[in-house]
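J.: The file below is structure.txt, compact mmCIF, C-alpha atoms:
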# COMPACT_ATOMS: atom_id res chain seq x y z
CA MET A 128 79.87 184.46 115.17
CA THR A 129 78.04 187.01 117.25
CA PRO A 130 80.57 189.69 118.26
CA GLY A 131 81.97 189.18 121.76
CA GLU A 132 80.83 185.58 121.81
CA PRO A 133 83.62 182.98 122.18
CA LEU A 134 83.80 180.27 119.50
CA LEU A 135 83.23 177.56 122.07
CA ARG A 136 81.34 178.15 125.32
CA TRP A 137 82.35 175.38 127.70
CA ASP A 138 79.70 176.37 130.26
CA TRP A 139 76.97 175.73 127.65
CA ILE A 140 78.46 172.29 126.91
CA LEU A 141 78.58 171.40 130.62
CA ASP A 142 74.99 172.59 131.08
CA HIS A 143 73.78 170.51 128.15
CA LEU A 144 75.69 167.26 128.72
CA GLY A 145 72.44 165.36 129.29
CA GLU A 146 70.91 166.57 126.05
CA ILE A 147 74.13 165.92 124.13
CA GLY A 148 74.09 162.32 125.40
CA GLU A 149 70.45 161.92 124.37
CA ARG A 150 71.07 163.24 120.85
CA LEU A 151 74.16 161.06 120.55
CA SER A 152 72.23 157.91 121.43
CA GLN A 153 69.39 158.95 119.09
CA HIS A 154 71.98 159.36 116.32
CA LEU A 155 73.39 155.91 117.01
CA LEU A 156 69.92 154.35 117.19
CA LEU A 157 68.79 155.89 113.86
CA THR A 158 72.02 154.63 112.26
CA LEU A 159 71.81 151.10 113.68
CA LEU A 160 68.16 150.77 112.70
CA ALA A 161 68.83 151.97 109.14
CA VAL A 162 71.90 149.78 108.57
CA GLY A 163 70.20 146.80 110.30
CA ILE A 164 67.07 146.95 108.15
CA GLY A 165 69.17 147.82 105.09
CA ALA A 166 71.41 144.80 105.72
CA LEU A 167 68.43 142.42 106.06
CA LEU A 168 66.83 143.70 102.84
CA SER A 169 70.14 143.70 100.97
CA PHE A 170 70.98 140.22 102.17
CA GLY A 171 67.67 138.85 100.95
CA LEU A 172 67.96 140.63 97.61
CA SER A 173 71.59 139.54 97.19
CA ILE A 174 70.86 135.86 97.85
CA TRP A 175 68.01 136.12 95.36
CA THR A 176 70.16 137.75 92.66
CA LEU A 177 72.95 135.21 93.26
CA ARG A 178 70.45 132.45 92.42
CA ARG A 179 69.03 134.38 89.44
CA PRO A 180 71.89 136.33 87.89
CA GLY A 181 69.43 138.02 85.49
CA ALA A 182 67.90 139.90 88.42
CA TYR A 183 71.15 141.61 89.42
CA ALA A 184 71.04 144.36 86.79
CA PRO A 185 67.44 145.53 87.50
CA VAL A 186 67.92 145.30 91.30
CA THR A 187 71.09 147.41 91.24
CA TRP A 188 69.49 149.80 88.75
CA ILE A 189 66.62 150.53 91.15
CA ALA A 190 68.99 150.77 94.12
CA GLY A 191 71.18 153.08 92.02
CA VAL A 192 68.31 155.45 91.24
CA LEU A 193 67.43 155.57 94.95
CA TYR A 194 71.08 156.25 95.74
CA THR A 195 71.27 159.09 93.21
CA ILE A 196 68.22 160.97 94.55
CA PRO A 197 69.58 163.68 96.88
CA SER A 198 68.91 162.84 100.52
CA LEU A 199 67.11 166.05 101.37
CA ALA A 200 64.91 165.67 98.28
CA LEU A 201 63.98 162.10 99.21
CA PHE A 202 63.13 163.08 102.79
CA ALA A 203 61.13 166.05 101.49
CA LEU A 204 59.15 163.89 99.04
CA LEU A 205 58.20 161.52 101.86
CA VAL A 206 57.05 164.24 104.27
CA PRO A 207 53.58 164.70 102.69
CA ILE A 208 53.05 160.91 103.00
CA THR A 209 54.67 159.87 106.27
CA GLY A 210 55.02 163.25 108.00
CA LEU A 211 57.92 164.53 110.12
CA SER A 212 58.52 161.11 111.62
CA VAL A 213 61.19 158.52 112.35
CA LEU A 214 59.58 156.44 109.58
CA THR A 215 60.32 159.17 106.99
CA ALA A 216 63.93 159.34 108.14
CA GLU A 217 64.35 155.55 108.14
CA ILE A 218 62.83 155.00 104.67
CA GLY A 219 65.33 157.48 103.28
CA LEU A 220 68.30 156.20 105.29
CA VAL A 221 67.59 152.52 104.50
CA SER A 222 67.26 153.22 100.78
CA TYR A 223 70.76 154.71 100.69
CA THR A 224 72.34 151.61 102.24
CA LEU A 225 70.87 149.19 99.65
CA LEU A 226 73.18 149.89 96.69
CA ILE A 227 76.32 149.85 98.87
CA LEU A 228 75.41 146.62 100.67
CA ILE A 229 74.03 144.66 97.68
CA ARG A 230 77.15 145.45 95.65
CA ALA A 231 79.36 144.36 98.55
CA ILE A 232 77.53 141.07 99.23
CA VAL A 233 77.12 140.01 95.59
CA GLY A 234 80.61 141.23 94.68
CA GLY A 235 82.12 139.42 97.65
CA VAL A 236 80.44 136.11 96.87
CA ARG A 237 81.21 136.33 93.15
CA GLY A 238 84.83 137.09 94.00
CA VAL A 239 85.31 133.69 95.66
CA PRO A 240 87.76 131.78 93.42
CA ALA A 241 86.13 129.22 91.17
CA ASP A 242 88.47 126.42 92.33
CA VAL A 243 87.26 126.93 95.92
CA ARG A 244 83.69 126.52 94.74
CA GLU A 245 84.62 123.45 92.70
CA ALA A 246 86.51 121.94 95.64
CA ALA A 247 83.40 122.39 97.81
CA GLU A 248 81.31 120.72 95.15
CA GLY A 249 83.82 117.90 94.91
CA LEU A 250 83.61 117.39 98.68
CA GLY A 251 79.87 116.88 98.30
CA TYR A 252 78.60 120.29 99.46
CA THR A 253 75.20 121.20 98.05
CA GLY A 254 74.81 124.65 96.48
CA ARG A 255 73.18 125.98 99.64
CA GLN A 256 75.83 124.52 101.98
CA SER A 257 78.59 125.88 99.78
CA LEU A 258 77.02 129.36 99.85
CA TRP A 259 76.53 129.50 103.63
CA GLN A 260 79.58 127.57 104.84
CA ILE A 261 82.20 128.43 102.23
CA GLU A 262 81.36 131.39 100.00
CA LEU A 263 79.75 133.82 102.45
CA PRO A 264 82.50 133.41 105.11
CA LEU A 265 85.15 133.95 102.43
CA ALA A 266 83.27 137.01 101.20
CA LEU A 267 83.23 138.52 104.72
CA PRO A 268 86.07 141.02 104.21
CA VAL A 269 84.31 142.52 101.17
CA ILE A 270 80.93 142.49 102.95
CA VAL A 271 82.34 144.19 106.05
CA ALA A 272 84.00 146.78 103.82
CA GLY A 273 80.53 147.53 102.41
CA VAL A 274 79.01 147.69 105.90
CA ARG A 275 81.71 150.19 106.92
CA ILE A 276 80.83 152.46 104.00
CA ALA A 277 77.11 152.10 104.75
CA VAL A 278 77.57 152.95 108.45
CA VAL A 279 79.80 155.97 107.83
CA THR A 280 77.49 157.28 105.08
CA THR A 281 74.41 156.79 107.25
CA ILE A 282 75.95 158.59 110.22
CA GLY A 283 76.52 161.56 107.91
CA LEU A 284 73.01 161.40 106.45
CA VAL A 285 71.36 161.24 109.88
CA THR A 286 72.48 164.84 110.46
CA VAL A 287 70.38 165.89 107.45
CA THR A 288 67.24 164.41 109.04
CA ALA A 289 67.39 167.29 111.54
CA LEU A 290 65.42 169.19 108.89
CA ILE A 291 62.53 166.75 109.21
CA GLY A 292 62.52 166.86 113.00
CA GLN A 293 64.92 163.96 113.73
CA GLY A 294 68.62 164.31 113.24
CA GLY A 295 70.42 163.16 116.38
CA LEU A 296 73.52 165.35 116.54
CA GLY A 297 72.36 167.17 113.41
CA TYR A 298 69.88 168.94 115.68
CA PHE A 299 72.79 170.89 117.23
CA ILE A 300 74.19 171.77 113.80
CA LEU A 301 70.81 173.08 112.67
CA GLN A 302 70.39 175.04 115.92
CA GLY A 303 73.87 176.47 115.50
CA ILE A 304 73.16 177.57 111.92
CA GLN A 305 69.73 179.01 112.66
CA ARG A 306 70.73 180.91 115.82
CA PHE A 307 74.32 181.74 114.78
CA PHE A 308 75.52 179.84 117.82
CA SER A 309 78.94 178.40 117.07
CA THR A 310 79.15 176.22 120.20
CA ALA A 311 76.15 174.06 119.23
CA LEU A 312 77.38 173.97 115.64
CA ILE A 313 80.84 172.71 116.61
CA VAL A 314 79.47 170.22 119.17
CA GLY A 315 77.16 168.69 116.55
CA ALA A 316 79.71 168.62 113.73
CA VAL A 317 82.68 167.35 115.76
CA LEU A 318 80.69 164.65 117.54
CA SER A 319 79.10 163.33 114.34
CA VAL A 320 82.50 163.09 112.65
CA ALA A 321 83.97 161.43 115.76
CA LEU A 322 81.07 158.96 115.81
CA ALA A 323 81.70 158.04 112.16
CA VAL A 324 85.42 157.52 112.75
CA LEU A 325 84.86 155.43 115.90
CA ALA A 326 82.17 153.29 114.27
CA ASP A 327 84.49 152.66 111.31
CA ALA A 328 87.34 151.64 113.64
CA ALA A 329 85.02 149.35 115.61
CA LEU A 330 83.98 147.58 112.40
CA VAL A 331 87.63 147.08 111.41
CA LEU A 332 88.23 145.37 114.77
CA LEU A 333 85.08 143.28 114.32
CA GLN A 334 86.24 142.15 110.89
CA ARG A 335 89.58 141.02 112.34
CA ARG A 336 87.73 138.93 114.94
CA LEU A 337 85.47 137.42 112.28
CA THR A 338 88.25 136.54 109.83
CA PRO A 339 91.11 135.11 111.93
CA TRP A 340 92.54 133.32 108.87
CA LEU A 341 93.55 136.64 107.34
CA ARG A 342 95.76 137.52 110.30
CA THR A 343 98.49 134.94 109.70
CA GLY A 344 101.87 136.22 108.62
CA ARG A 345 101.45 139.67 110.16
CA MET B 56 45.69 161.89 93.48
CA GLN B 57 44.38 165.22 94.67
CA PHE B 58 47.84 166.01 95.99
CA VAL B 59 49.51 165.14 92.68
CA ALA B 60 47.04 167.41 90.91
CA SER B 61 47.88 170.25 93.31
CA VAL B 62 51.61 169.78 92.69
CA VAL B 63 50.98 169.92 88.94
CA GLY B 64 48.84 173.02 89.58
CA TRP B 65 51.71 174.67 91.46
CA LEU B 66 54.14 173.75 88.71
CA THR B 67 51.97 175.18 85.94
CA ASP B 68 51.10 178.41 87.77
CA PRO B 69 52.75 181.15 85.63
CA THR B 70 53.61 183.24 88.74
CA HIS B 71 55.97 180.43 89.81
CA TRP B 72 57.95 180.82 86.59
CA GLN B 73 59.08 184.43 87.03
CA GLY B 74 61.06 186.59 89.43
CA ILE B 75 63.73 185.75 92.00
CA ASP B 76 61.77 182.86 93.49
CA GLY B 77 60.69 181.55 90.07
CA ILE B 78 61.67 178.10 88.86
CA PRO B 79 64.06 179.28 86.07
CA ASN B 80 65.99 181.51 88.48
CA ARG B 81 66.23 178.84 91.20
CA VAL B 82 67.35 176.17 88.71
CA GLY B 83 69.87 178.65 87.30
CA GLU B 84 71.25 179.45 90.77
CA HIS B 85 71.52 175.76 91.57
CA LEU B 86 73.34 174.99 88.30
CA TRP B 87 75.69 177.97 88.63
CA LEU B 88 76.74 177.07 92.18
CA SER B 89 77.06 173.35 91.36
CA GLY B 90 78.91 173.95 88.09
CA LEU B 91 81.44 176.31 89.66
CA SER B 92 81.96 173.93 92.57
CA VAL B 93 82.52 170.92 90.28
CA LEU B 94 85.01 172.97 88.26
CA LEU B 95 86.93 174.03 91.38
CA ALA B 96 86.88 170.52 92.86
CA THR B 97 88.14 169.08 89.55
CA LEU B 98 91.01 171.60 89.38
CA LEU B 99 91.94 170.99 93.01
CA ALA B 100 91.70 167.19 92.83
CA ALA B 101 92.35 165.94 89.28
CA LEU B 102 95.73 167.69 88.87
CA PRO B 103 97.35 166.22 92.01
CA GLY B 104 95.57 162.89 91.44
CA VAL B 105 96.87 162.54 87.87
CA TRP B 106 100.37 163.66 88.88
CA LEU B 107 100.58 161.28 91.85
CA GLY B 108 99.28 158.46 89.64
CA HIS B 109 101.88 159.24 86.97
CA ARG B 110 104.70 159.22 89.51
CA GLY B 111 103.20 156.28 91.42
CA ARG B 112 103.49 158.14 94.70
CA GLY B 113 101.17 158.97 97.58
CA GLU B 114 98.94 155.93 97.19
CA PHE B 115 97.95 155.93 100.87
CA LEU B 116 96.80 159.55 100.71
CA ALA B 117 95.03 159.23 97.35
CA ILE B 118 93.07 156.15 98.40
CA ASN B 119 92.23 157.11 101.98
CA VAL B 120 91.09 160.64 101.25
CA THR B 121 87.82 159.12 99.99
CA ASN B 122 87.15 157.37 103.27
CA LEU B 123 87.89 160.59 105.09
CA GLY B 124 85.50 162.44 102.78
CA ARG B 125 82.73 159.98 103.60
CA ALA B 126 83.18 160.52 107.33
CA LEU B 127 82.63 164.27 106.88
CA PRO B 128 78.84 164.72 106.77
CA SER B 129 77.59 167.45 104.45
CA MET B 130 75.78 169.17 107.33
CA ALA B 131 79.06 169.23 109.27
CA LEU B 132 80.87 170.70 106.27
CA LEU B 133 78.26 173.44 106.06
CA ALA B 134 78.64 173.97 109.80
CA PHE B 135 82.40 174.47 109.42
CA ALA B 136 82.09 176.56 106.25
CA LEU B 137 79.69 179.09 107.77
CA PRO B 138 82.05 180.61 110.40
CA VAL B 139 84.91 180.56 107.86
CA SER B 140 82.86 182.51 105.33
CA ILE B 141 81.70 185.01 107.94
CA ALA B 142 85.25 185.46 109.26
CA LEU B 143 86.43 186.17 105.69
CA GLY B 144 83.71 188.79 105.34
CA LEU B 145 81.96 186.84 102.55
CA GLY B 146 78.70 186.61 104.42
CA LEU B 147 75.86 184.15 104.01
CA GLY B 148 74.38 182.33 101.04
CA PHE B 149 76.59 181.59 98.05
CA TRP B 150 80.08 181.43 99.57
CA PRO B 151 79.53 179.26 102.66
CA THR B 152 77.62 176.82 100.43
CA LEU B 153 80.50 176.79 97.94
CA PHE B 154 83.02 176.20 100.76
CA ALA B 155 80.87 173.33 102.01
CA VAL B 156 80.35 171.51 98.69
CA VAL B 157 83.80 171.83 97.07
CA PRO B 158 85.53 169.62 99.72
CA LEU B 159 82.77 167.09 99.12
CA GLY B 160 83.75 166.81 95.45
CA ILE B 161 87.51 166.47 95.99
CA PRO B 162 87.82 162.90 97.39
CA PRO B 163 86.08 160.96 94.58
CA ILE B 164 87.93 162.90 91.84
CA LEU B 165 91.32 162.57 93.55
CA THR B 166 90.97 158.85 94.19
CA ASN B 167 89.66 158.08 90.70
CA SER B 168 92.32 160.19 88.95
CA TYR B 169 95.05 158.45 90.90
CA THR B 170 93.64 154.95 90.35
CA ALA B 171 92.92 155.64 86.68
CA VAL B 172 96.43 156.84 85.77
CA ARG B 173 98.11 154.30 88.03
CA GLY B 174 96.05 151.53 86.43
CA VAL B 175 97.28 152.20 82.90
CA ASP B 176 99.13 149.08 81.71
CA ARG B 177 102.81 149.58 82.63
CA ASP B 178 103.89 147.73 79.48
CA VAL B 179 102.13 150.34 77.36
CA VAL B 180 103.82 153.17 79.28
CA GLU B 181 107.24 151.51 78.98
CA ALA B 182 106.68 150.95 75.27
CA ALA B 183 105.87 154.65 74.83
CA ARG B 184 109.03 155.63 76.73
CA GLY B 185 111.00 153.17 74.61
CA MET B 186 109.69 154.89 71.48
CA GLY B 187 111.24 158.10 72.76
CA LEU B 188 108.20 159.95 74.11
CA SER B 189 108.97 162.52 76.78
CA GLU B 190 107.36 162.25 80.24
CA TRP B 191 104.82 164.93 79.28
CA GLN B 192 104.00 163.13 76.04
CA VAL B 193 103.58 159.84 77.93
CA LEU B 194 101.17 161.60 80.29
CA GLY B 195 99.28 163.53 77.62
CA ALA B 196 99.17 161.06 74.75
CA ILE B 197 99.08 157.70 76.54
CA GLU B 198 98.04 157.83 80.18
CA LEU B 199 95.38 160.56 80.12
CA PRO B 200 93.34 159.26 77.15
CA ILE B 201 93.29 155.75 78.64
CA ALA B 202 92.47 157.05 82.13
CA LEU B 203 89.85 159.58 81.04
CA PRO B 204 86.65 157.48 81.46
CA LEU B 205 87.57 156.54 85.03
CA ILE B 206 88.53 160.15 85.88
CA LEU B 207 85.13 161.23 84.49
CA ALA B 208 83.46 158.62 86.70
CA GLY B 209 85.02 160.39 89.67
CA VAL B 210 83.79 163.76 88.40
CA ARG B 211 80.32 162.22 87.96
CA ASN B 212 80.20 161.03 91.58
CA ALA B 213 81.40 164.43 92.73
CA THR B 214 78.79 166.22 90.58
CA VAL B 215 75.88 164.16 91.91
CA ALA B 216 77.04 164.73 95.50
CA ILE B 217 77.50 168.47 94.89
CA ILE B 218 74.07 168.91 93.24
CA ALA B 219 72.51 167.05 96.18
CA THR B 220 74.32 169.02 98.85
CA ALA B 221 73.97 172.45 97.24
CA THR B 222 70.37 172.08 98.42
CA LEU B 223 71.53 172.62 102.00
CA GLY B 224 72.73 176.09 101.00
CA ALA B 225 69.19 177.31 101.61
CA LEU B 226 69.84 176.81 105.33
CA VAL B 227 72.40 179.59 105.25
CA ALA B 228 70.20 181.92 103.20
CA GLY B 229 71.48 180.67 99.85
CA GLY B 230 69.41 180.42 96.68
CA GLY B 231 68.96 177.38 94.47
CA LEU B 232 66.37 174.64 94.64
CA GLY B 233 66.97 174.05 98.35
CA ARG B 234 64.97 177.27 98.89
CA TYR B 235 61.77 175.45 97.84
CA ILE B 236 62.51 172.53 100.17
CA VAL B 237 63.53 174.56 103.22
CA ASP B 238 60.75 177.15 102.74
CA GLY B 239 58.25 174.40 101.92
CA LEU B 240 59.09 172.66 105.19
CA ALA B 241 58.93 175.91 107.17
CA LEU B 242 55.62 177.04 105.63
CA GLN B 243 54.19 173.49 105.45
CA ASP B 244 53.68 174.25 101.76
CA TYR B 245 53.98 170.68 100.51
CA GLN B 246 53.45 171.56 96.84
CA ARG B 247 56.49 173.85 96.92
CA LEU B 248 58.42 171.19 98.86
CA CYS B 249 57.63 168.48 96.30
CA VAL B 250 58.48 170.62 93.28
CA GLY B 251 61.86 171.49 94.84
CA ALA B 252 62.59 167.86 95.68
CA LEU B 253 61.57 166.61 92.24
CA LEU B 254 63.66 169.21 90.43
CA VAL B 255 66.79 168.44 92.51
CA ALA B 256 66.31 164.72 91.97
CA LEU B 257 65.87 165.36 88.24
CA LEU B 258 69.06 167.45 88.06
CA ALA B 259 71.05 164.75 89.88
CA ILE B 260 69.75 161.98 87.61
CA LEU B 261 70.37 164.08 84.46
CA ALA B 262 73.96 164.72 85.58
CA GLU B 263 74.42 160.99 86.18
CA VAL B 264 73.05 160.10 82.73
CA ALA B 265 75.03 162.83 80.92
CA PHE B 266 78.33 161.82 82.51
CA GLY B 267 77.56 158.16 81.82
CA ALA B 268 77.23 158.99 78.13
CA LEU B 269 80.45 161.03 78.24
CA GLU B 270 82.30 158.13 79.87
CA ARG B 271 81.16 155.72 77.17
CA ALA B 272 82.07 158.20 74.42
CA THR B 273 85.63 158.58 75.75
CA ALA B 274 86.20 154.87 76.44
CA MET B 275 88.93 153.17 74.43
CA PRO B 276 87.72 150.44 72.09
CA ASP B 277 87.73 147.21 74.07
CA ALA B 278 90.16 144.36 73.46
CA ARG B 279 87.73 142.58 71.16
CA GLY B 280 87.04 145.66 69.05
CA ALA B 281 90.76 146.36 68.76
CA THR B 282 91.68 142.85 67.64
CA ALA B 283 88.76 142.74 65.22
CA ARG B 284 90.09 145.80 63.47
CA ALA B 285 93.68 144.64 63.67
CA ARG B 286 92.99 141.19 62.25
CA PRO B 287 92.93 142.02 58.51
CA ALA B 288 96.47 143.38 58.78
CA THR B 289 97.91 140.17 60.21
CA PRO B 290 98.60 137.38 57.74
Using structure tokens, write down the structure from this file.
T.:
Amino acid sequence: MTPGEPLLRWDWILDHLGEIGERLSQHLLLTLLAVGIGALLSFGLSIWTLRRPGAYAPVTWIAGVLYTIPSLALFALLVPITGLSVLTAEIGLVSYTLLILIRAIVGGVRGVPADVREAAEGLGYTGRQSLWQIELPLALPVIVAGVRIAVVTTIGLVTVTALIGQGGLGYFILQGIQRFFSTALIVGAVLSVALAVLADAALVLLQRRLTPWLRTGR
Amino acid sequence: MQFVASVVGWLTDPTHWQGIDGIPNRVGEHLWLSGLSVLLATLLAALPGVWLGHRGRGEFLAINVTNLGRALPSMALLAFALPVSIALGLGLGFWPTLFAVVPLGIPPILTNSYTAVRGVDRDVVEAARGMGLSEWQVLGAIELPIALPLILAGVRNATVAIIATATLGALVAGGGLGRYIVDGLALQDYQRLCVGALLVALLAILAEVAFGALERATAMPDARGATARARPATP
């Protein structure tokens, strides 16, 4: 972008391999933490709403409002309270996973055919046993599909947290924009996209391992 | 409490309601950029989506473009849009932001348009053809009205994402409400920061509510409503 400067300076990349690795692992850590906490919260809320169907509408309404608030606005609103910290980033990131994950878990379990549920009941399964041993395993493909969306979305949102002093690979994008340095910009953007694609592919493989019964006939 | 009072104080200060950095101008800039981007994204995505859905072709592309869109983080889009805009001689601010947010709006509109038109009951479409409607009439009089609420749902998702991401335009010297957030962070002026964040959140929620109302208004009467009205005619 600066005249005479090549679009990609390989010497800069080689000099900064250590830092690139650090930012990459920070990016992954922020993502895993957010999706992990988000999954625990969503799982608890989903089990609760499956027992009390009346709670589903208000829970998804609140999660929906959180999801609609623009990410940068949510991070900015938290800064006066929790500062430029990992906590600020994680509160925002976790709140974006809730709607995606709750919809996937509840939708997956509700999508289990009624005759399967009745068969389990007929075999003497209690409601709890049926949920854990029959319905949740059968809902796995839908749940994993939700986890994939949550992971890919979170990897993208982590880059935005560069503005509140976190950011993982987003740090390079911000540096690139602020200093008109295309190499850092491209390194940050390309690696964050690559990370999202790889994480998505890894989850597809994981789902195949977890649901061997879906593989027959292929 | 003291902080809330200071935010209200900032908001009610008349000097913050005039000039280039005033609230009306920043809201106007944000709406202008977002509105134009939604319009462009709709033109670029709804036309191919509706056509592919009508012909029943390109399902793989129409469905998977959304997943691809999710993998492209908004910061990365801005990062790619900036050199493009500079290379085209369009400079900083408005154009790189536009280039960054339009691609963000395309996937949800394309996928929803395709799914909406494709999902129209084939029996209804065949009946219309059997009554002698031309392909264009089938599309315009049958498929589009039935598909409209779902297409609008795609436009709604795109609009919310675009309003949210237009905020990042402030990073490349753009206007809009992102100015308050980026400047507020830089100056540690938390009142400014909060007002910017609240206004963006408000715009996004208003867009969501407005499109929700539009979707309900364009929805076809449901099966029960239709039969209830049809019943008196049947013996």
J.: Could you list, with a cut-off of 6 Å and counting only C-alpha atoms, the residues of chain A near chain B, each shown with its nearest atom pair and the distance in Å rounded to one decimal, rows sorted by chain and ascending number, as a tab-separated table?
T.:
residue	atom	partner	partner_atom	distance
A:Ile196	CA	B:Ala256	CA	4.9
A:Pro197	CA	B:Ala219	CA	4.5
A:Ala200	CA	B:Ala252	CA	4.1
A:Leu204	CA	B:Cys249	CA	5.6
A:Val279	CA	B:Ala126	CA	5.7
A:Gly283	CA	B:Pro128	CA	4.1
A:Leu312	CA	B:Ala134	CA	6.0
A:Ala316	CA	B:Ala131	CA	4.5
A:Val320	CA	B:Leu127	CA	5.9
A:Ala323	CA	B:Ala126	CA	5.6
J.: In the coordinate frame of the file, compute which residues have an atom within 12 Å of (92.0, 167.2, 95.3) when using only C-alpha atoms, and state them as JSON, numbers by chain.
T.: {"B": [93, 94, 95, 96, 97, 98, 99, 100, 101, 102, 103, 104, 105, 106, 107, 116, 117, 118, 120, 121, 124, 157, 158, 159, 160, 161, 162, 163, 164, 165, 166, 167, 168, 169, 209, 210, 213]}
J.: Set the distance at 6 Å and use all atoms listed in the file: which residues neighbour stretch 151-153 of chain B once local chain neighbours fewer than 6 positions away are removed? I'd like the list as a list in words.
T.: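 The filter keeps Ala136, Leu137, Ser140 and Gly224 of chain B.
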J.: For stretch 233-239 of chain A, find every residue with an atom within 6 Å (counting all atoms listed in the file), except residues of its own chain fewer than 5 positions away, and show them as a PyMOL selection string.
T.: chain A and resi 173+262+266+269
J.: Quick one: distance from atom CA of A:Glu146 to atom CA of A:Leu325 in Å, one decimal?
T.: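 Interatomic distance here is 20.5 Å.
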J.: Mind pulling up the distance from atom CA of B:Ile78 to atom CA of B:Gly148?
T.: 18.1 Å
J.: Between A:Ile300, A:Ile229, A:Leu322, A:Leu214, which one has atoms that come closest to A:Ser152, using only C-alpha atoms?
T.: A:Leu322
J.: Which is closest to A:Leu284 among A:Gly254, A:Gly303, A:Gly219, A:Pro268, if we use only C-alpha atoms?
T.: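 Of A:Gly254, A:Gly303, A:Gly219, A:Pro268, the one nearest A:Leu284, counting only C-alpha atoms, is A:Gly219.
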J.: Compile the contact shell of stretch 178-192 of chain B as a ChimeraX atom specification: residues with an atom at most 12 Å away, counting only C-alpha atoms, same-chain residues fewer than 3 positions apart removed.
T.: /B:105-106,109-110,172-175,195-201
J.: Pick the closest to A:Val331 from A:Thr280, A:Val274, A:Gln305, A:Leu193: which is it, counting all atoms listed in the file?
T.: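 Going through A:Thr280, A:Val274, A:Gln305, A:Leu193 one by one, the smallest distance to A:Val331 is for A:Val274.
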J.: Do you have the atom CA of A:Ala203-atom CA of A:Ile291 distance handy?
T.: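 Distance reported for this atom pair: 7.9 Å.
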